[in-house]
>>> print(open('final_36.cif').read())   # mmCIF, C-alpha atoms and all ligand atoms
data_target
#
loop_
_atom_site.label_atom_id
_atom_site.label_comp_id
_atom_site.auth_asym_id
_atom_site.auth_seq_id
_atom_site.Cartn_x
_atom_site.Cartn_y
_atom_site.Cartn_z
CA MET A 484 -8.35 -22.45 5.29
CA THR A 485 -9.97 -19.70 7.24
CA VAL A 486 -11.81 -20.76 10.32
CA VAL A 487 -14.46 -18.95 12.25
CA VAL A 488 -15.27 -20.97 15.34
CA LEU A 489 -18.64 -19.96 16.62
CA GLU A 490 -19.18 -20.99 20.19
CA GLU A 491 -22.30 -20.27 22.15
CA ASP A 492 -21.32 -16.72 23.01
CA SER A 493 -19.18 -16.01 20.00
CA THR A 494 -21.70 -13.70 18.39
CA ILE A 495 -21.44 -11.45 21.39
CA THR A 496 -17.67 -11.51 21.24
CA MET A 497 -17.73 -10.62 17.58
CA ALA A 498 -20.25 -7.89 18.12
CA THR A 499 -17.94 -6.08 20.46
CA ALA A 500 -14.83 -7.11 18.61
CA ARG A 501 -14.55 -4.55 15.87
CA ALA A 502 -13.41 -1.07 16.76
CA PRO A 503 -13.36 -1.43 20.54
CA THR A 504 -10.78 -4.23 20.40
CA ALA A 505 -8.02 -2.00 19.21
CA SER A 506 -8.78 0.87 21.54
CA ASP A 507 -9.23 -1.40 24.53
CA SER A 508 -5.93 -3.13 24.05
CA THR A 509 -4.02 0.06 23.41
CA HIS A 510 -5.69 1.71 26.33
CA SER A 511 -4.59 -1.06 28.64
CA ASP A 512 -1.09 -0.76 27.18
CA ASN A 513 -1.12 2.90 27.99
CA SER A 514 -2.30 2.44 31.53
CA SER A 515 0.34 -0.18 32.20
CA SER A 516 3.17 1.94 30.89
CA ASN A 517 1.76 5.29 31.90
CA PRO A 518 0.51 5.68 35.46
CA SER A 519 -1.74 8.59 34.54
CA GLY A 520 -3.75 6.23 32.34
CA GLY A 521 -6.51 8.33 30.91
CA GLY A 522 -4.19 11.25 30.27
CA ALA A 523 -2.47 9.33 27.53
CA GLU A 524 -5.59 9.37 25.43
CA GLY A 525 -5.74 13.12 25.20
CA GLY A 526 -2.04 13.75 24.70
CA GLY A 527 -1.60 11.50 21.74
CA ASP A 528 1.69 13.03 20.70
CA ASP A 529 3.92 11.19 23.17
CA VAL A 530 2.26 7.81 22.69
CA PRO A 531 1.93 6.59 19.10
CA ASP A 532 -1.66 5.54 19.67
CA ASN A 533 -3.65 6.24 16.56
CA SER A 534 -6.34 3.60 16.84
CA ASN A 535 -8.89 6.18 17.96
CA PHE A 536 -8.05 8.24 14.92
CA GLU A 537 -8.53 5.61 12.28
CA CYS A 538 -10.67 6.27 9.27
CA ASN A 539 -13.90 4.29 9.45
CA ILE A 540 -13.56 3.33 5.81
CA CYS A 541 -9.95 2.38 5.13
CA LEU A 542 -9.09 1.66 8.78
CA ASP A 543 -5.78 3.48 8.49
CA THR A 544 -4.94 6.60 10.43
CA ALA A 545 -7.20 9.24 8.96
CA LYS A 546 -5.43 11.33 6.35
CA ASP A 547 -6.84 14.79 5.57
CA ALA A 548 -9.24 13.96 8.35
CA VAL A 549 -12.81 15.16 8.44
CA ILE A 550 -15.48 14.44 11.02
CA SER A 551 -19.19 14.15 10.36
CA MET A 552 -21.88 15.87 12.41
CA CYS A 553 -22.64 12.45 13.88
CA GLY A 554 -19.05 12.30 15.13
CA HIS A 555 -17.53 9.74 12.79
CA LEU A 556 -14.00 10.17 11.53
CA PHE A 557 -12.86 9.61 7.95
CA CYS A 558 -10.13 10.47 5.53
CA TRP A 559 -11.59 13.06 3.26
CA PRO A 560 -10.54 11.11 0.14
CA CYS A 561 -12.31 8.01 1.50
CA LEU A 562 -15.49 9.84 2.45
CA HIS A 563 -15.49 11.78 -0.79
CA GLN A 564 -15.31 8.59 -2.78
CA TRP A 565 -18.19 7.14 -0.78
CA LEU A 566 -20.31 10.25 -1.28
CA GLU A 567 -19.65 10.07 -5.00
CA THR A 568 -20.64 6.42 -5.04
CA ARG A 569 -24.14 7.31 -3.89
CA PRO A 570 -24.65 10.95 -4.77
CA ASN A 571 -28.40 10.80 -4.23
CA HIS A 572 -28.32 8.92 -0.96
CA GLN A 573 -25.43 10.28 1.09
CA THR A 574 -25.33 8.59 4.47
CA CYS A 575 -22.70 8.13 7.14
CA PRO A 576 -21.05 4.74 6.57
CA VAL A 577 -21.09 4.06 10.30
CA CYS A 578 -24.50 5.23 11.52
CA LYS A 579 -26.43 6.00 8.30
CA ALA A 580 -27.10 9.57 9.39
CA ALA A 581 -27.58 12.03 6.56
CA ILE A 582 -24.22 13.45 5.58
CA SER A 583 -22.87 15.80 2.94
CA ARG A 584 -19.77 17.66 1.89
CA ASP A 585 -20.89 20.79 3.72
CA LYS A 586 -21.74 18.96 6.90
CA VAL A 587 -18.32 17.60 7.70
CA ILE A 588 -15.68 19.45 9.69
CA PRO A 589 -12.02 19.27 8.75
CA LEU A 590 -9.72 18.36 11.63
CA TYR A 591 -6.38 20.09 12.00
CA GLY A 592 -3.96 18.42 14.36
CA ARG A 593 -0.85 20.11 15.66
CA GLY A 594 1.35 18.26 13.21
CA SER A 595 -0.84 18.80 10.22
CA GLY A 596 1.19 21.82 9.10
CA ASN A 597 -0.66 22.94 6.02
CA GLN A 598 -4.07 23.92 7.29
CA GLN A 599 -5.71 23.90 3.93
CA ASP A 600 -9.26 22.63 4.09
CA PRO A 601 -8.98 19.01 2.96
CA ARG A 602 -12.26 19.42 1.11
CA ASP A 603 -10.61 21.99 -1.14
CA LYS A 604 -7.98 19.54 -2.23
CA LEU A 605 -9.03 17.20 -4.88
CA PRO A 606 -9.01 13.70 -3.44
CA PRO A 607 -6.46 11.55 -5.20
CA ARG A 608 -8.21 9.52 -7.80
CA PRO A 609 -6.94 7.29 -10.57
CA SER A 610 -8.15 9.54 -13.35
CA GLY A 611 -9.64 12.90 -14.07
CA GLN A 612 -7.27 14.84 -11.85
CA ARG A 613 -7.48 18.58 -12.22
CA THR A 614 -4.44 20.79 -11.65
CA GLU A 615 -4.78 24.29 -10.29
CA PRO A 616 -4.05 26.93 -12.89
CA GLU A 617 -0.80 28.91 -12.45
CA PRO A 618 -1.43 32.40 -11.12
CA GLN A 619 -1.05 34.61 -14.19
CA GLY A 620 -1.42 38.35 -13.68
CA GLY A 621 -0.92 38.92 -17.38
CA PHE A 622 -4.47 37.89 -18.04
CA MET A 623 -5.83 40.55 -15.76
CA PRO A 624 -7.30 43.46 -17.69
CA GLY A 625 -5.26 46.65 -17.50
CA LEU A 626 -2.07 44.94 -16.42
CA GLY A 627 -1.32 43.39 -19.79
CA LEU A 628 0.94 46.18 -21.09
CA GLY A 629 2.87 46.48 -17.83
CA GLU A 630 3.59 42.79 -17.72
CA ALA A 631 4.70 42.65 -21.31
CA GLY A 632 6.84 45.77 -20.93
CA GLY A 633 8.53 44.32 -17.86
CA PHE A 634 9.45 41.23 -19.75
CA GLN A 635 10.90 43.10 -22.69
CA PHE A 636 12.77 45.49 -20.43
CA HIS A 637 14.68 42.60 -18.92
CA PHE A 638 15.63 41.50 -22.39
CA GLY A 639 16.79 45.00 -23.20
CA ILE A 640 19.09 45.12 -20.16
CA GLY A 641 20.55 41.79 -21.17
CA ALA A 642 21.34 42.89 -24.71
CA PHE A 643 22.46 46.42 -23.94
CA PRO A 644 25.61 45.74 -21.86
CA PHE A 645 26.68 43.19 -24.40
CA GLY A 646 26.60 45.87 -27.00
CA ILE A 647 28.68 48.24 -24.82
CA PHE A 648 31.09 45.48 -23.89
CA THR A 649 31.93 44.46 -27.43
CA THR A 650 32.07 48.05 -28.53
CA PHE A 651 34.43 48.94 -25.70
CA ASN A 652 36.69 46.00 -26.46
CA ASN A 653 36.85 46.89 -30.07
CA TRP A 654 37.54 50.53 -29.46
CA GLY A 655 40.19 49.88 -26.83
CA GLY A 656 41.74 47.07 -28.82
CA ALA A 657 42.07 45.08 -25.56
CA ALA A 658 40.18 41.98 -26.63
CA ALA A 659 41.91 38.63 -26.17
CA VAL A 660 42.13 38.12 -29.90
CA PRO A 661 41.65 41.58 -31.32
CA PRO A 662 40.75 41.42 -34.93
CA ALA A 663 43.02 43.59 -36.95
CA PRO A 664 41.36 46.80 -38.08
CA GLY A 665 40.32 46.72 -41.63
CA THR A 666 39.79 42.96 -41.80
CA GLN A 667 36.38 41.58 -42.54
CA GLN A 668 35.98 40.25 -39.00
CA TYR A 669 36.69 43.68 -37.57
CA GLN A 670 34.10 45.19 -39.77
CA GLU A 671 31.54 42.59 -38.90
CA GLU A 672 32.03 42.92 -35.16
CA ARG A 673 31.95 46.64 -35.35
CA PHE A 674 28.79 46.51 -37.37
CA LEU A 675 27.24 44.01 -34.98
CA SER A 676 27.98 46.09 -31.92
CA GLN A 677 26.61 49.16 -33.60
CA VAL A 678 23.45 47.31 -34.49
CA LEU A 679 23.08 46.14 -30.90
CA MET A 680 23.75 49.63 -29.61
CA ALA A 681 21.16 51.04 -31.97
CA MET A 682 18.66 48.41 -30.90
CA GLY A 683 19.26 49.21 -27.26
CA LEU A 684 18.83 52.93 -27.86
CA LEU A 685 15.72 52.36 -29.92
CA PHE A 686 14.36 50.23 -27.16
CA LEU A 687 15.07 52.91 -24.58
CA PHE A 688 13.26 55.44 -26.72
CA TRP A 689 10.41 53.03 -27.11
CA LEU A 690 10.23 52.58 -23.34
CA ILE A 691 10.25 56.27 -22.68
CA PHE A 692 7.92 57.50 -25.36
CA VAL A 693 5.49 54.71 -26.03
CA MET B 847 -9.05 -6.09 5.09
CA SER B 848 -9.16 -5.49 8.82
CA LEU B 849 -9.26 -9.22 9.53
CA LEU B 850 -5.65 -9.42 8.43
CA LYS B 851 -4.51 -6.71 10.80
CA GLU B 852 -6.71 -7.28 13.82
CA PRO B 853 -8.44 -10.63 13.77
CA PRO B 854 -11.20 -10.68 16.38
CA PRO B 855 -11.35 -13.58 18.85
CA GLY B 856 -12.35 -16.84 17.19
CA VAL B 857 -11.31 -15.81 13.71
CA THR B 858 -8.05 -16.79 12.15
CA VAL B 859 -7.02 -15.84 8.67
CA ASP B 860 -4.88 -18.24 6.72
CA VAL B 861 -2.14 -15.92 5.56
CA ASP B 862 -1.02 -18.27 2.79
CA GLN B 863 -4.47 -18.47 1.30
CA ALA B 864 -5.03 -14.76 1.69
CA HIS B 865 -1.76 -14.06 -0.06
CA THR B 866 -2.44 -16.34 -2.99
CA LYS B 867 -5.82 -14.74 -3.62
CA LEU B 868 -6.53 -11.71 -1.55
CA THR B 869 -9.74 -10.97 -3.41
CA GLU B 870 -11.43 -14.26 -2.62
CA TRP B 871 -11.96 -15.56 0.89
CA VAL B 872 -13.73 -18.57 2.24
CA VAL B 873 -14.92 -18.20 5.81
CA HIS B 874 -15.99 -21.26 7.73
CA MET B 875 -18.77 -20.80 10.21
CA GLU B 876 -20.79 -22.98 12.49
CA GLY B 877 -24.43 -22.52 13.43
CA ALA B 878 -24.74 -21.01 16.89
CA SER B 879 -25.92 -23.39 19.58
CA GLY B 880 -29.44 -22.90 20.81
CA THR B 881 -30.59 -22.14 17.26
CA LEU B 882 -32.04 -24.25 14.47
CA TYR B 883 -28.60 -24.43 12.89
CA GLU B 884 -26.69 -25.62 15.93
CA GLY B 885 -23.70 -27.75 14.96
CA GLU B 886 -24.14 -27.23 11.23
CA LYS B 887 -21.06 -26.12 9.34
CA PHE B 888 -21.23 -23.66 6.49
CA GLN B 889 -18.80 -22.00 4.15
CA LEU B 890 -19.19 -18.43 3.05
CA GLN B 891 -17.36 -17.19 0.00
CA PHE B 892 -16.36 -13.52 -0.20
CA LYS B 893 -15.28 -11.95 -3.46
CA PHE B 894 -13.91 -8.43 -3.26
CA SER B 895 -13.98 -6.19 -6.29
CA PRO B 896 -11.26 -3.59 -6.90
CA LYS B 897 -13.75 -1.00 -5.68
CA TYR B 898 -14.02 -2.57 -2.23
CA PRO B 899 -14.83 -1.14 0.31
CA PHE B 900 -16.88 1.33 -1.69
CA ASP B 901 -18.55 -1.55 -3.44
CA SER B 902 -19.93 -4.45 -1.43
CA PRO B 903 -18.25 -7.84 -1.67
CA GLU B 904 -20.07 -10.69 -3.35
CA VAL B 905 -21.05 -13.05 -0.54
CA ILE B 906 -22.60 -16.47 -1.12
CA PHE B 907 -22.75 -19.78 0.67
CA VAL B 908 -20.64 -22.42 -1.05
CA GLY B 909 -19.85 -26.08 -0.56
CA GLU B 910 -21.93 -29.10 0.31
CA HIS B 911 -24.12 -27.55 2.87
CA ILE B 912 -26.22 -24.50 2.11
CA PRO B 913 -28.33 -23.42 5.09
CA ILE B 914 -32.04 -23.93 4.62
CA HIS B 915 -33.44 -20.53 5.38
CA PRO B 916 -36.23 -18.32 3.97
CA HIS B 917 -33.64 -15.80 2.75
CA ILE B 918 -31.04 -18.21 1.44
CA TYR B 919 -31.53 -19.78 -1.97
CA SER B 920 -30.39 -23.30 -2.68
CA ASN B 921 -27.60 -21.96 -4.94
CA GLY B 922 -26.12 -20.12 -1.96
CA HIS B 923 -27.39 -16.64 -2.77
CA ILE B 924 -28.40 -14.62 0.26
CA CYS B 925 -31.16 -12.03 0.34
CA LEU B 926 -29.61 -9.55 2.75
CA SER B 927 -29.89 -5.83 2.21
CA ILE B 928 -26.47 -4.89 3.58
CA LEU B 929 -24.92 -6.90 0.74
CA THR B 930 -26.41 -4.58 -1.85
CA GLU B 931 -28.36 -1.39 -1.34
CA ASP B 932 -27.69 -0.99 2.37
CA TRP B 933 -23.98 -1.62 1.98
CA SER B 934 -21.65 0.68 3.88
CA PRO B 935 -17.89 0.92 3.43
CA ALA B 936 -17.57 0.77 7.20
CA LEU B 937 -18.85 -2.81 7.22
CA SER B 938 -16.10 -5.35 7.81
CA VAL B 939 -16.03 -9.02 7.02
CA GLN B 940 -16.73 -9.60 10.71
CA ALA B 941 -19.81 -7.41 10.52
CA ILE B 942 -21.10 -9.27 7.48
CA CYS B 943 -20.51 -12.63 9.17
CA LEU B 944 -22.27 -11.36 12.25
CA SER B 945 -25.26 -10.21 10.22
CA ILE B 946 -25.55 -13.57 8.52
CA ILE B 947 -25.20 -15.47 11.80
CA SER B 948 -27.89 -13.41 13.43
CA MET B 949 -30.08 -13.89 10.37
CA LEU B 950 -29.67 -17.65 10.81
CA SER B 951 -30.08 -17.50 14.56
CA SER B 952 -33.37 -15.64 14.47
CA CYS B 953 -34.93 -18.12 12.06
CA LYS B 954 -38.03 -19.91 13.36
CA GLU B 955 -38.63 -22.38 10.59
CA LYS B 956 -36.21 -23.99 8.16
CA LYS B 957 -37.53 -23.56 4.66
CA ARG B 958 -36.37 -22.28 1.29
CA PRO B 959 -37.58 -18.95 -0.08
CA PRO B 960 -40.97 -19.36 -1.79
CA ASP B 961 -39.53 -18.42 -5.18
CA ASN B 962 -36.45 -20.61 -4.82
CA SER B 963 -36.83 -22.87 -7.83
CA TYR B 964 -37.70 -20.03 -10.17
CA TYR B 965 -34.88 -17.80 -8.89
CA VAL B 966 -32.21 -20.48 -9.03
CA LYS B 967 -33.11 -21.23 -12.64
CA THR B 968 -33.10 -17.64 -13.81
CA CYS B 969 -30.59 -15.75 -11.70
CA SER B 970 -27.10 -14.61 -12.61
CA ALA B 971 -24.15 -16.32 -10.97
CA ASN B 972 -23.40 -13.07 -9.24
CA PRO B 973 -26.03 -12.31 -6.58
CA LYS B 974 -25.17 -8.63 -6.86
CA LYS B 975 -26.80 -8.63 -10.28
CA THR B 976 -30.09 -9.62 -8.71
CA LYS B 977 -32.53 -6.82 -8.04
CA TRP B 978 -33.48 -7.88 -4.57
CA TRP B 979 -36.75 -6.87 -3.09
CA TYR B 980 -36.31 -6.76 0.66
CA HIS B 981 -39.79 -7.55 1.78
CA ASP B 982 -39.16 -8.93 5.20
CA ASP B 983 -36.59 -7.92 7.76
CA THR B 984 -37.97 -9.87 10.69
CA VAL B 985 -36.41 -13.25 9.95
ZN ZN C 1001 -9.60 6.45 5.00
ZN ZN C 1002 -22.19 8.66 11.70
#
>>> encode(input="final_36.cif", output="structure tokens")
Amino acid sequence: MTVVVLEEDSTITMATARAPTASDSTHSDNSSSNPSGGGAEGGGDDVPDNSNFECNICLDTAKDAVISMCGHLFCWPCLHQWLETRPNHQTCPVCKAAISRDKVIPLYGRGSGNQQDPRDKLPPRPSGQRTEPEPQGGFMPGLGLGEAGGFQFHFGIGAFPFGIFTTFNNWGGAAAVPPAPGTQQYQEERFLSQVLMAMGLLFLFWLIFV
Amino acid sequence: MSLLKEPPPGVTVDVDQAHTKLTEWVVHMEGASGTLYEGEKFQLQFKFSPKYPFDSPEVIFVGEHIPIHPHIYSNGHICLSILTEDWSPALSVQAICLSIISMLSSCKEKKRPPDNSYYVKTCSANPKKTKWWYHDDTV
């Protein structure tokens, strides 16, 4: 059973109980452990005090934090979801001030690393997620031939030495299991290497003259 | 679900009950002294949808004793704008309780809403399906 005991002044206690409770208690913790007291609030990196930086919607430490013009802090995914809930009546969840995507400021803390605007990231949602397209220069007009040629040139390099290698082995007779000249295998390998050699040469010509 | 993490003074959350059904809470409250409801005990039922806190919880009075109030129907439904169109995801269970307590406390005369019998006969079980018309914010 959940019990709310409402004494004479309990409404007043509850009225002040919400956000201030956490910050008051942590602030008194800070001042007891840290003689400089108020300094601990600004330098939040040595004291793990995040209660002042909690999202007003999910009440966790704000992730991809944004702040509204009225000064209220949210995770961008949380605020985004709220704005989408009421697209025609976008108000600050805390103070009901008018609010919109363009009127919030992303916050970048020291530890935030990637300073990408959180509004540019798609907030995580259960469905309908859109992935950024891979950068593909090949689709740019004028670069198409160069890109394709580069790709085929790599293939040519790969095939060309193979042709030389087998040819060299066959000519020198130094292969691990050299097929005896005149046998069918010898003929086949010789033919194969010649074909590869011809292909490589053709490709070189193609590269130079086309 | 801030009550679980940081219960304000005077509120305790039964962890066992919360764990068996996290989406349904019953909060016990007592009418503030010095008001018409002094000493009366009420039970408020909260139902949280998966979309909470972006969607408001369903809040009704349950149990034997439904407060007699111009905005509270005899089936427990409450005509309070923050529970529907004025809902904000920043509102906690404490804030809702506080709103309802102050609504009770500011009441001058104990009576049912004028359309009580008609509403109770025709309404949906879920007060959120009612299209409320918030005509009076003074009581
Ligand atoms: Zn959040
Ligand atoms: Zn605000």
>>> residues_near_ligand(input="final_36.cif", ligand="ligand ZN 1001 (chain C)", cutoff="12 Å", atoms="all atoms listed in the file", output="PyMOL selection string")
(chain A and resi 536-550+555-565+576+606-607) or (chain B and resi 899-900+935-936)
>>> residues_around(input="final_36.cif", residues="Ser895 in chain B", least_positions_apart="5", cutoff="10 Å", atoms="only C-alpha atoms", output="VMD selection string")
chain B and resid 869 to 870 900 to 904
>>> atom_distance(input="final_36.cif", atom1="CA of Ala941 in chain B", atom2="CA of Pro973 in chain B")
18.8 Å
>>> closest_residue(input="final_36.cif", among="B:Gln891, B:Ser934, B:His923, B:Phe907", to="chain A", atoms="all atoms listed in the file")
B:Ser934
>>> atom_distance(input="final_36.cif", atom1="CA of Lys954 in chain B", atom2="CA of Ala878 in chain B")
13.8 Å
>>> residues_near_ligand(input="final_36.cif", ligand="ligand ZN 1002 (chain C)", cutoff="10 Å", atoms="all atoms listed in the file", output="list in words")
Asn539, Ile550, Ser551, Met552, Cys553, Gly554, His555, Leu556, Thr574, Cys575, Pro576, Val577, Cys578, Lys579, Ala580, Ala581 and Ile582 of chain A
>>> residues_around(input="final_36.cif", residues="Glu884 in chain B", least_positions_apart="4", cutoff="12 Å", atoms="all atoms listed in the file", output="JSON, numbers by chain")
{"A": [489, 490, 491], "B": [875, 876, 877, 878, 879, 880, 888, 913, 947, 950, 951, 953]}
>>> residues_around(input="final_36.cif", residues="Lys974 in chain B", least_positions_apart="2", cutoff="12 Å", atoms="only C-alpha atoms", output="PDB file with C-alpha atoms, keeping the file's coordinate frame")
ATOM      1  CA  LYS B 893     -15.280 -11.950  -3.460  1.00  0.00           C
ATOM      2  CA  PHE B 894     -13.910  -8.430  -3.260  1.00  0.00           C
ATOM      3  CA  SER B 895     -13.980  -6.190  -6.290  1.00  0.00           C
ATOM      4  CA  ASP B 901     -18.550  -1.550  -3.440  1.00  0.00           C
ATOM      5  CA  SER B 902     -19.930  -4.450  -1.430  1.00  0.00           C
ATOM      6  CA  PRO B 903     -18.250  -7.840  -1.670  1.00  0.00           C
ATOM      7  CA  GLU B 904     -20.070 -10.690  -3.350  1.00  0.00           C
ATOM      8  CA  VAL B 905     -21.050 -13.050  -0.540  1.00  0.00           C
ATOM      9  CA  ILE B 906     -22.600 -16.470  -1.120  1.00  0.00           C
ATOM     10  CA  HIS B 923     -27.390 -16.640  -2.770  1.00  0.00           C
ATOM     11  CA  ILE B 924     -28.400 -14.620   0.260  1.00  0.00           C
ATOM     12  CA  CYS B 925     -31.160 -12.030   0.340  1.00  0.00           C
ATOM     13  CA  LEU B 926     -29.610  -9.550   2.750  1.00  0.00           C
ATOM     14  CA  SER B 927     -29.890  -5.830   2.210  1.00  0.00           C
ATOM     15  CA  ILE B 928     -26.470  -4.890   3.580  1.00  0.00           C
ATOM     16  CA  LEU B 929     -24.920  -6.900   0.740  1.00  0.00           C
ATOM     17  CA  THR B 930     -26.410  -4.580  -1.850  1.00  0.00           C
ATOM     18  CA  GLU B 931     -28.360  -1.390  -1.340  1.00  0.00           C
ATOM     19  CA  TRP B 933     -23.980  -1.620   1.980  1.00  0.00           C
ATOM     20  CA  CYS B 969     -30.590 -15.750 -11.700  1.00  0.00           C
ATOM     21  CA  SER B 970     -27.100 -14.610 -12.610  1.00  0.00           C
ATOM     22  CA  ALA B 971     -24.150 -16.320 -10.970  1.00  0.00           C
ATOM     23  CA  ASN B 972     -23.400 -13.070  -9.240  1.00  0.00           C
ATOM     24  CA  THR B 976     -30.090  -9.620  -8.710  1.00  0.00           C
ATOM     25  CA  LYS B 977     -32.530  -6.820  -8.040  1.00  0.00           C
ATOM     26  CA  TRP B 978     -33.480  -7.880  -4.570  1.00  0.00           C
TER      27      TRP B 978
END
>>> atom_distance(input="final_36.cif", atom1="CA of Ser948 in chain B", atom2="CA of Asn921 in chain B")
20.3 Å
>>> build_atoms(input="final_36.cif", residues="range 886-901 of chain B", atoms="N, CA, C and O atoms", output="PDB file, keeping the file's coordinate frame")
ATOM      1  N   GLU B 886     -24.316 -27.153  12.677  1.00  0.00           N
ATOM      2  CA  GLU B 886     -24.140 -27.230  11.230  1.00  0.00           C
ATOM      3  C   GLU B 886     -22.955 -26.358  10.803  1.00  0.00           C
ATOM      4  O   GLU B 886     -22.725 -25.293  11.354  1.00  0.00           O
ATOM      5  N   LYS B 887     -22.230 -26.866   9.817  1.00  0.00           N
ATOM      6  CA  LYS B 887     -21.060 -26.120   9.340  1.00  0.00           C
ATOM      7  C   LYS B 887     -21.324 -25.581   7.942  1.00  0.00           C
ATOM      8  O   LYS B 887     -21.813 -26.297   7.076  1.00  0.00           O
ATOM      9  N   PHE B 888     -20.998 -24.317   7.773  1.00  0.00           N
ATOM     10  CA  PHE B 888     -21.230 -23.660   6.490  1.00  0.00           C
ATOM     11  C   PHE B 888     -19.950 -22.996   6.010  1.00  0.00           C
ATOM     12  O   PHE B 888     -19.065 -22.691   6.787  1.00  0.00           O
ATOM     13  N   GLN B 889     -19.918 -22.763   4.716  1.00  0.00           N
ATOM     14  CA  GLN B 889     -18.800 -22.000   4.150  1.00  0.00           C
ATOM     15  C   GLN B 889     -19.343 -20.812   3.386  1.00  0.00           C
ATOM     16  O   GLN B 889     -20.206 -20.962   2.529  1.00  0.00           O
ATOM     17  N   LEU B 890     -18.800 -19.660   3.728  1.00  0.00           N
ATOM     18  CA  LEU B 890     -19.190 -18.430   3.050  1.00  0.00           C
ATOM     19  C   LEU B 890     -18.057 -17.998   2.145  1.00  0.00           C
ATOM     20  O   LEU B 890     -16.908 -17.932   2.570  1.00  0.00           O
ATOM     21  N   GLN B 891     -18.388 -17.679   0.909  1.00  0.00           N
ATOM     22  CA  GLN B 891     -17.360 -17.190   0.000  1.00  0.00           C
ATOM     23  C   GLN B 891     -17.512 -15.677  -0.178  1.00  0.00           C
ATOM     24  O   GLN B 891     -18.612 -15.186  -0.448  1.00  0.00           O
ATOM     25  N   PHE B 892     -16.404 -14.980   0.007  1.00  0.00           N
ATOM     26  CA  PHE B 892     -16.360 -13.520  -0.200  1.00  0.00           C
ATOM     27  C   PHE B 892     -15.533 -13.237  -1.444  1.00  0.00           C
ATOM     28  O   PHE B 892     -14.421 -13.729  -1.571  1.00  0.00           O
ATOM     29  N   LYS B 893     -16.088 -12.432  -2.325  1.00  0.00           N
ATOM     30  CA  LYS B 893     -15.280 -11.950  -3.460  1.00  0.00           C
ATOM     31  C   LYS B 893     -15.262 -10.433  -3.396  1.00  0.00           C
ATOM     32  O   LYS B 893     -16.315  -9.788  -3.385  1.00  0.00           O
ATOM     33  N   PHE B 894     -14.050  -9.881  -3.375  1.00  0.00           N
ATOM     34  CA  PHE B 894     -13.910  -8.430  -3.260  1.00  0.00           C
ATOM     35  C   PHE B 894     -13.544  -7.848  -4.616  1.00  0.00           C
ATOM     36  O   PHE B 894     -12.604  -8.290  -5.261  1.00  0.00           O
ATOM     37  N   SER B 895     -14.286  -6.859  -5.018  1.00  0.00           N
ATOM     38  CA  SER B 895     -13.980  -6.190  -6.290  1.00  0.00           C
ATOM     39  C   SER B 895     -12.893  -5.147  -6.042  1.00  0.00           C
ATOM     40  O   SER B 895     -12.609  -4.805  -4.901  1.00  0.00           O
ATOM     41  N   PRO B 896     -12.278  -4.642  -7.102  1.00  0.00           N
ATOM     42  CA  PRO B 896     -11.260  -3.590  -6.900  1.00  0.00           C
ATOM     43  C   PRO B 896     -11.836  -2.353  -6.228  1.00  0.00           C
ATOM     44  O   PRO B 896     -11.085  -1.563  -5.672  1.00  0.00           O
ATOM     45  N   LYS B 897     -13.149  -2.197  -6.276  1.00  0.00           N
ATOM     46  CA  LYS B 897     -13.750  -1.000  -5.680  1.00  0.00           C
ATOM     47  C   LYS B 897     -14.072  -1.183  -4.206  1.00  0.00           C
ATOM     48  O   LYS B 897     -14.558  -0.241  -3.568  1.00  0.00           O
ATOM     49  N   TYR B 898     -13.828  -2.377  -3.653  1.00  0.00           N
ATOM     50  CA  TYR B 898     -14.020  -2.570  -2.230  1.00  0.00           C
ATOM     51  C   TYR B 898     -13.125  -1.593  -1.477  1.00  0.00           C
ATOM     52  O   TYR B 898     -11.992  -1.415  -1.895  1.00  0.00           O
ATOM     53  N   PRO B 899     -13.554  -0.947  -0.387  1.00  0.00           N
ATOM     54  CA  PRO B 899     -14.830  -1.140   0.310  1.00  0.00           C
ATOM     55  C   PRO B 899     -15.960  -0.226  -0.154  1.00  0.00           C
ATOM     56  O   PRO B 899     -16.976  -0.166   0.534  1.00  0.00           O
ATOM     57  N   PHE B 900     -15.785   0.458  -1.260  1.00  0.00           N
ATOM     58  CA  PHE B 900     -16.880   1.330  -1.690  1.00  0.00           C
ATOM     59  C   PHE B 900     -17.970   0.525  -2.390  1.00  0.00           C
ATOM     60  O   PHE B 900     -19.099   0.974  -2.514  1.00  0.00           O
ATOM     61  N   ASP B 901     -17.595  -0.635  -2.835  1.00  0.00           N
ATOM     62  CA  ASP B 901     -18.550  -1.550  -3.440  1.00  0.00           C
ATOM     63  C   ASP B 901     -18.605  -2.784  -2.546  1.00  0.00           C
ATOM     64  O   ASP B 901     -17.575  -3.226  -2.036  1.00  0.00           O
TER      65      ASP B 901
END
